[in-house]
Amino acid sequence: MFLNKLHISCLFFFFLTLLFPHSTKQSAKAASFIYSGCSPSKYDPNGPFQNNLTPLLTSIVSGAAQASYNSYKSGDDSSGAAAYGLYQCRNDLSSDDCSNCVQSAVSQLNLVCADSFAASLQLEGCFVRYSNEDFLGKSDTTMTYRKCSTSRSDDAEFFRRRDDVLADLQNGVSYRTSSSGTVQGYAQCLGDLGAADCSACLAQAVGQLKNACGSGLAADVYLAQCYARYWASGHYFRSSAGLQSNFHYFTYLSTLFSFRKRTRTAPIIQSLIVSKASRIFSACLYKLPLLVSG
């Protein structure tokens, strides 16, 4: 049997996982897709906003190798074409996993939100956002994403454990994990929020979890500046990473050359390579049984 290109790629990833099993698994999980949002208004790819957005995204990609959070501004406010942006990684990620996650997020933003004046993308392990309007440091508790488990419980012990976890998460600053019995959870605020603002944001997120998801055995709520999630054992949400990867696999070749012409920036080009590697990895997960049996 002759091996096609995908089979060869899968074998390559198989050997990588043998050499670096923990790093590969963590990076793949951190890059799992949660949600994205794109402004309907578009900018001219050859206009002044693009000239400011390119160095902004370059700073975001390079900054993720140094710290888990940072915000940036590129361009002059008076020009009306300034770009503002930030990134944040979960605090439990290694610097390498944070860097890889942000690279993947930036590359996906340029695919799913091509030429949008404002865009945001949340992966399992990191978040990236940019806009032509200055949103940095401004209070915003708009709900951006919510998911409630269809599996429910009326067990009093579950509610007690869940409420213990959620109460603990509200006391966190920046990033906090908690567990009680079979219920676990974690929460995070943007890095520029102070303790009081973080607690207020998380209190609103927890309220949304209880009110909207009721007796759900798992729930996620993402606000503009914080998020909280909990799950009972065996009910942790699995993202649609495979579907997202398949979508990007088909759009990659059609967007690569125009994207390279616009950016001409090495770190962002590297992020596209990382993103394609993630897509191959996802494809391998589907093809693995065929490779083993075939």
# chains A, B, ... in the order shown; residues from 1 in each chain; ligands from 1
>>> select_by_dssp(residues="segment 27-187 of chain A", states="alpha helix (DSSP H)", output="MDAnalysis selection string")
chainID A and resid 27:30 48:63 95:112 156:169
>>> select_by_dssp(residues="segment 89-215 of chain A", states="strand (DSSP E or B)", output="count of residues only")
33
>>> closest_residue(among="A:Cys226, A:Ala118, A:Cys113, A:Ala203", to="Gly191 of chain A", atoms="only C-alpha atoms")
A:Cys226
>>> atom_distance(atom1="atom CA of Arg146 of chain A", atom2="atom CA of Cys198 of chain A")
18.8 Å
>>> residues_around(residues="Val173 of chain A", least_positions_apart="2", cutoff="8 Å", atoms="only C-alpha atoms", output="list in words")
Asn171, Tyr175, Arg176, Gln188, Cys189, Gly194, Ala195, Cys198 and Ser199 of chain A
>>> residues_around(residues="Ala67 of chain A", least_positions_apart="6", cutoff="10 Å", atoms="only C-alpha atoms", output="MDAnalysis selection string")
chainID A and resid 87:89 91 94:95 98:99
>>> write_last_selection(atoms="all heavy atoms", output="CSV table (one decimal), in the first residue's frame")
chain,number,residue,atom,x,y,z
A,87,TYR,N,-3.9,40.0,24.0
A,87,TYR,CA,-4.0,38.5,24.0
A,87,TYR,C,-4.0,38.1,25.5
A,87,TYR,O,-3.5,38.8,26.3
A,87,TYR,CB,-2.9,37.8,23.3
A,87,TYR,CG,-1.5,37.9,24.0
A,87,TYR,CD1,-1.1,37.0,24.9
A,87,TYR,CD2,-0.7,39.0,23.7
A,87,TYR,CE1,0.1,37.1,25.6
A,87,TYR,CE2,0.5,39.2,24.4
A,87,TYR,CZ,0.9,38.2,25.3
A,87,TYR,OH,2.1,38.3,26.0
A,88,GLN,N,-4.5,36.9,25.8
A,88,GLN,CA,-4.3,36.4,27.1
A,88,GLN,C,-4.3,34.9,27.0
A,88,GLN,O,-5.1,34.3,26.3
A,88,GLN,CB,-5.5,36.8,28.0
A,88,GLN,CG,-5.4,36.2,29.4
A,88,GLN,CD,-6.0,37.0,30.5
A,88,GLN,OE1,-5.6,38.1,30.8
A,88,GLN,NE2,-7.0,36.5,31.1
A,89,CYS,N,-3.4,34.3,27.8
A,89,CYS,CA,-3.4,32.8,27.9
A,89,CYS,C,-3.9,32.4,29.3
A,89,CYS,O,-3.8,33.2,30.3
A,89,CYS,CB,-2.0,32.3,27.7
A,89,CYS,SG,-1.3,32.4,26.1
A,91,ASN,N,-3.4,30.9,32.8
A,91,ASN,CA,-2.1,31.0,33.6
A,91,ASN,C,-1.5,29.7,33.8
A,91,ASN,O,-0.3,29.7,34.3
A,91,ASN,CB,-2.4,31.7,34.9
A,91,ASN,CG,-2.6,33.2,34.8
A,91,ASN,OD1,-2.9,33.7,33.7
A,91,ASN,ND2,-2.6,33.9,35.9
A,94,SER,N,2.2,26.5,29.9
A,94,SER,CA,3.6,26.8,29.8
A,94,SER,C,3.8,28.0,28.8
A,94,SER,O,2.9,28.3,28.0
A,94,SER,CB,4.4,25.6,29.3
A,94,SER,OG,4.1,25.3,28.0
A,95,SER,N,5.0,28.6,28.8
A,95,SER,CA,5.3,29.7,27.8
A,95,SER,C,5.2,29.2,26.4
A,95,SER,O,4.7,29.9,25.5
A,95,SER,CB,6.6,30.3,28.1
A,95,SER,OG,7.7,29.3,28.0
A,98,CYS,N,1.5,28.6,25.5
A,98,CYS,CA,0.9,29.9,25.4
A,98,CYS,C,1.2,30.5,24.0
A,98,CYS,O,0.4,31.0,23.3
A,98,CYS,CB,1.3,30.9,26.5
A,98,CYS,SG,0.7,32.6,26.3
A,99,SER,N,2.5,30.5,23.7
A,99,SER,CA,3.0,31.0,22.4
A,99,SER,C,2.3,30.3,21.2
A,99,SER,O,1.8,30.9,20.3
A,99,SER,CB,4.5,30.9,22.3
A,99,SER,OG,4.9,31.4,21.0
>>> closest_residue(among="A:Ser120, A:Gln208, A:Ser79, A:Ser62", to="Phe33 of chain A", atoms="only C-alpha atoms")
A:Ser120
>>> closest_residue(among="A:Glu124, A:Asp192, A:Asp168, A:Asp197", to="Tyr69 of chain A", atoms="only C-alpha atoms")
A:Asp192
>>> closest_residue(among="A:Leu169, A:Ala219, A:Leu123, A:Leu202", to="Arg152 of chain A", atoms="only C-alpha atoms")
A:Ala219
>>> closest_residue(among="A:Val61, A:Ala119, A:Cys38, A:Ala232", to="Arg160 of chain A", atoms="only C-alpha atoms")
A:Ala232
>>> closest_residue(among="A:Ser32, A:Ser139, A:Ala81, A:Lys210", to="Cys126 of chain A", atoms="only C-alpha atoms")
A:Ser32
>>> residues_around(residues="Asp77 of chain A", least_positions_apart="6", cutoff="10 Å", atoms="only C-alpha atoms", output="PyMOL selection string")
chain A and resi 83+132-134
>>> write_last_selection(atoms="N, CA, C and O atoms", output="compact mmCIF listing (two decimals), in the first residue's frame")
# COMPACT_ATOMS: atom_id res chain seq x y z
N ALA A 83 -4.88 50.79 15.54
CA ALA A 83 -5.34 49.44 15.87
C ALA A 83 -5.01 49.15 17.33
O ALA A 83 -3.93 49.49 17.82
N ASN A 132 -10.51 48.56 15.74
CA ASN A 132 -10.14 49.92 15.35
C ASN A 132 -10.61 50.94 16.37
O ASN A 132 -10.34 52.14 16.24
N GLU A 133 -11.33 50.50 17.41
CA GLU A 133 -11.78 51.35 18.50
C GLU A 133 -11.02 50.98 19.77
O GLU A 133 -10.77 49.79 20.02
N ASP A 134 -10.70 51.97 20.57
CA ASP A 134 -9.91 51.73 21.78
C ASP A 134 -10.79 51.13 22.88
O ASP A 134 -11.58 51.82 23.52
>>> residues_around(residues="Val102 of chain A", least_positions_apart="5", cutoff="12 Å", atoms="only C-alpha atoms", output="ChimeraX atom specification")
/A:27,30-33,57-70,86-90,93,95-97,107-109,120-129,267-268,270-272,274-275
>>> residues_around(residues="Ala205 of chain A", least_positions_apart="4", cutoff="7 Å", atoms="only C-alpha atoms", output="number ranges by chain")
A: 201, 209, 221, 223, 227-228
>>> write_last_selection(atoms="N, CA, C and O atoms", output="compact mmCIF listing (two decimals), in the first residue's frame")
# COMPACT_ATOMS: atom_id res chain seq x y z
N CYS A 201 -16.81 41.28 37.80
CA CYS A 201 -17.04 40.62 36.52
C CYS A 201 -17.37 39.15 36.73
O CYS A 201 -18.32 38.61 36.14
N LEU A 209 -24.26 31.88 34.86
CA LEU A 209 -24.18 30.42 34.88
C LEU A 209 -25.39 29.82 35.60
O LEU A 209 -26.01 28.87 35.12
N VAL A 221 -19.63 30.37 30.65
CA VAL A 221 -20.07 31.73 30.33
C VAL A 221 -18.84 32.60 30.14
O VAL A 221 -17.97 32.66 31.02
N LEU A 223 -17.74 36.47 29.37
CA LEU A 223 -18.03 37.88 29.23
C LEU A 223 -16.83 38.54 28.56
O LEU A 223 -15.79 37.91 28.37
N TYR A 227 -14.34 35.08 32.35
CA TYR A 227 -15.18 33.92 32.08
C TYR A 227 -15.14 32.98 33.28
O TYR A 227 -14.22 33.04 34.12
N ALA A 228 -16.14 32.13 33.37
CA ALA A 228 -16.22 31.12 34.41
C ALA A 228 -16.85 29.87 33.82
O ALA A 228 -17.72 29.96 32.97
